[in-house]
Amino acid sequence: MFKRIIGIAILVSIIALIVVQLKLNKSTSENRIYHYDKEAPINVLAEKVSNESQTEIKSFTGTFEPFNEVKVNADIQGAIVKIYVKEGDLLKKGQSILKIDDDLLRLKLKAINTQIGGLEKDLDRYQKLADNDAIQGIKLEKTLLGLETAQTERKIIQEQIRMTTIKAPFAGIVTKQFAEVGAFAAPAMPLIELTNMSQLKFAINLTERDLNQFQNSESYIISADAFPNATLIGKLIYTSSKGNMGNNFLAEFEIENSSEIPLKSKMFGKVFTNSGAQNSNEVQIPSRCIIGSDISPKVYLVINGKAVLTPVSIANRSGDFVTISSGVAAGDIIVTGGFINLFNNANVTIETLESNK
């Protein structure tokens with residue numbers, strides 16, 4: 001009996017020791033765990049919003065393109081017997097490019113001229129006989145109709161002969177030659193590529209947010225990467241009304257080419273424009289202040305020592321700044337850094353306060 005009591009006492013002691021040890025372990029673990037104090041102020045960086053426009057020179061990269069560039073082809077088929085030009089030649093408008101064999105057409109023209117001569121003689125005789133009622137008027141009418149038909153056919157042949165000489169549709173440079181003497185020319189078959197380099201187009205792609213940076217018929221400064229010290233002036237002549245697959249819009253500027261700055265097709269360049277807040281009610285803030293996407297942008301404003309998450313409307317993006325049309329006003333204090341532990345209505349301490357210039 002005594003041994004049984006001793007055993008029970010030992011068991012109870014062991015259990016008591018285990019419970020005490022578990023409590024000690026729990027206390028130690030709780031002391032090691034960091035308990036976040038939501039009321040403790042968070043250090044943030046902040047700036048005072050100014051209504052001064054953040055004007056900057058913004059550039060858009062593009063390429064120089066020929067103002068006119070066509071692949072010249074023939075309107076009539078036949079063998080090429082002469083080529084008057086070669087790649088690199090500078091052509092005037094209307095200058096001959098090549099000649100297609102017209103021997104068969106000239107034989108047809110000779111035959112139709114002979115036919116017309118005979119019909120004119122017949123018409124003269126029939127006219128005299130008809131005046132004396134010697135023949136029926138129907139015969140005179142048929143001869144006259146035959147003469148008119150032959151004369152029309154002659155004009156067609158003459159036009160076909162004219163088309164055997166291919167001429168330049170505008171002044172330009174022969175940039176490619178696709179045909180050789182002896183080859184067969186046919187409609188829709190390119191013979192040469194003619195490029196007008198006296199005028200150029202500078203083409204860029206704009207996002208929908210950048211479209212308002214440019215106005216049609218206005219002139220802008222353009223530079224070519226190959227001639228960085230030269231300043232060019234280009235007039236905006238076209239802006240596409242429909243975006244491409246990337247939702248970008250094509251804009252083209254007209255530029256006069258010159259011998260002093262000999263621009264070439266496919267050279268790279270930049271067009272420059274001033275960007276900044278256009279409305280006095282708009283303010284600009286650093287883009288790093290924006291929380292979330294452009295669909296639902298927000299910023300943290302410091303109000304009475306708290307960081308208040310505030311929805312805003314973005315009017316435009318320009319470099320490292322965004323133009324805000326509503327949600328932020330001049331004089332507001334906006335958080336610019338220290339977002340890691342920040343939450344809505346958190347107590348904050350401003351570490352650095354600067355003016356946004």
# chains A, B, ... in the order shown; residues from 1 in each chain; ligands from 1
call {"tool": "closest_atom_pairs", "arguments": {"of": "range 255-293 of chain A", "to": "range 212-233 of chain A", "cutoff": "6 Å", "atoms": "only C-alpha atoms", "output": "CSV"}}
result
residue,atom,partner,partner_atom,distance
A:Phe268,CA,A:Asp225,CA,5.8
A:Gly269,CA,A:Ala224,CA,4.1
A:Lys270,CA,A:Ser223,CA,5.4
A:Val271,CA,A:Ile222,CA,4.3
A:Phe272,CA,A:Ile221,CA,5.6
call {"tool": "residues_around", "arguments": {"residues": "range 190-202 of chain A", "least_positions_apart": "5", "cutoff": "7 Å", "atoms": "only C-alpha atoms", "output": "PyMOL selection string"}}
result
chain A and resi 62-73+171-179+252-257
call {"tool": "closest_residue", "arguments": {"among": "A:Leu250, A:Ile161, A:Lys23, A:Phe184", "to": "Leu107 in chain A", "atoms": "only C-alpha atoms"}}
result
A:Ile161
call {"tool": "select_by_dssp", "arguments": {"residues": "range 33-200 of chain A", "states": "strand (DSSP E or B)", "output": "short mmCIF file (atom, residue, chain, number, x, y, z; two decimals) with C-alpha atoms, in the first residue's frame"}}
result
data_model
loop_
_atom_site.label_atom_id
_atom_site.label_comp_id
_atom_site.auth_asym_id
_atom_site.auth_seq_id
_atom_site.Cartn_x
_atom_site.Cartn_y
_atom_site.Cartn_z
CA ILE A 42 5.58 54.79 -39.22
CA ASN A 43 8.44 56.80 -40.67
CA VAL A 44 7.64 57.97 -44.22
CA LEU A 45 9.04 60.36 -46.79
CA ALA A 46 6.66 63.09 -47.91
CA GLU A 47 6.51 66.18 -50.08
CA LYS A 48 4.29 69.19 -50.35
CA GLU A 56 10.15 69.08 -69.56
CA ILE A 57 11.35 68.35 -73.05
CA LYS A 58 9.99 64.98 -74.07
CA SER A 59 11.31 63.02 -77.05
CA PHE A 60 9.77 60.33 -79.22
CA THR A 61 11.90 57.99 -81.33
CA GLY A 62 10.97 57.29 -84.94
CA THR A 63 12.31 56.66 -88.44
CA PHE A 64 12.67 58.76 -91.56
CA GLU A 65 10.60 57.49 -94.48
CA PRO A 66 10.45 58.63 -98.13
CA PHE A 67 7.57 60.95 -98.89
CA ASN A 68 6.85 59.06 -102.12
CA GLU A 69 8.05 55.56 -102.94
CA VAL A 70 6.55 53.37 -105.66
CA LYS A 71 7.40 50.26 -107.60
CA VAL A 72 6.95 51.32 -111.23
CA ASN A 73 5.40 48.71 -113.51
CA GLY A 78 6.06 42.85 -123.93
CA ALA A 79 9.80 42.20 -124.05
CA ILE A 80 12.11 44.87 -122.62
CA VAL A 81 14.45 46.14 -125.36
CA LYS A 82 16.12 49.13 -123.63
CA ILE A 83 16.76 50.30 -120.07
CA LEU A 90 18.34 60.76 -110.05
CA LEU A 91 15.34 61.06 -112.37
CA SER A 96 12.14 57.67 -119.69
CA ILE A 97 12.98 54.57 -117.65
CA LEU A 98 12.82 51.71 -120.16
CA LYS A 99 11.40 50.67 -123.52
CA ILE A 100 9.17 47.71 -124.35
CA THR A 165 7.96 53.78 -122.98
CA ILE A 166 7.83 53.69 -119.18
CA LYS A 167 8.39 57.11 -117.59
CA GLY A 172 13.24 60.71 -107.42
CA ILE A 173 16.10 58.25 -107.06
CA VAL A 174 16.15 54.74 -108.50
CA THR A 175 16.60 52.70 -105.33
CA LYS A 176 16.02 49.26 -106.86
CA GLN A 177 16.05 47.74 -110.35
CA PHE A 184 9.26 40.17 -120.13
CA ALA A 185 7.30 43.09 -118.69
CA PRO A 190 7.63 45.76 -110.74
CA LEU A 191 10.38 47.12 -112.97
CA ILE A 192 12.12 49.66 -110.72
CA GLU A 193 11.60 51.21 -107.31
CA LEU A 194 11.51 55.02 -107.40
CA THR A 195 11.96 56.99 -104.19
CA ASN A 196 11.39 60.71 -103.69
CA MET A 197 14.07 61.87 -101.21
CA SER A 198 13.58 65.63 -101.66
CA GLN A 199 10.90 65.38 -99.00
CA LEU A 200 10.75 62.93 -96.13
#
call {"tool": "closest_residue", "arguments": {"among": "A:Ile261, A:Ile138, A:Val283, A:Val299", "to": "Ala329 in chain A", "atoms": "only C-alpha atoms"}}
result
A:Val283
call {"tool": "closest_residue", "arguments": {"among": "A:Gln127, A:Asn113, A:Glu180, A:Thr273", "to": "Val85 in chain A", "atoms": "only C-alpha atoms"}}
result
A:Glu180
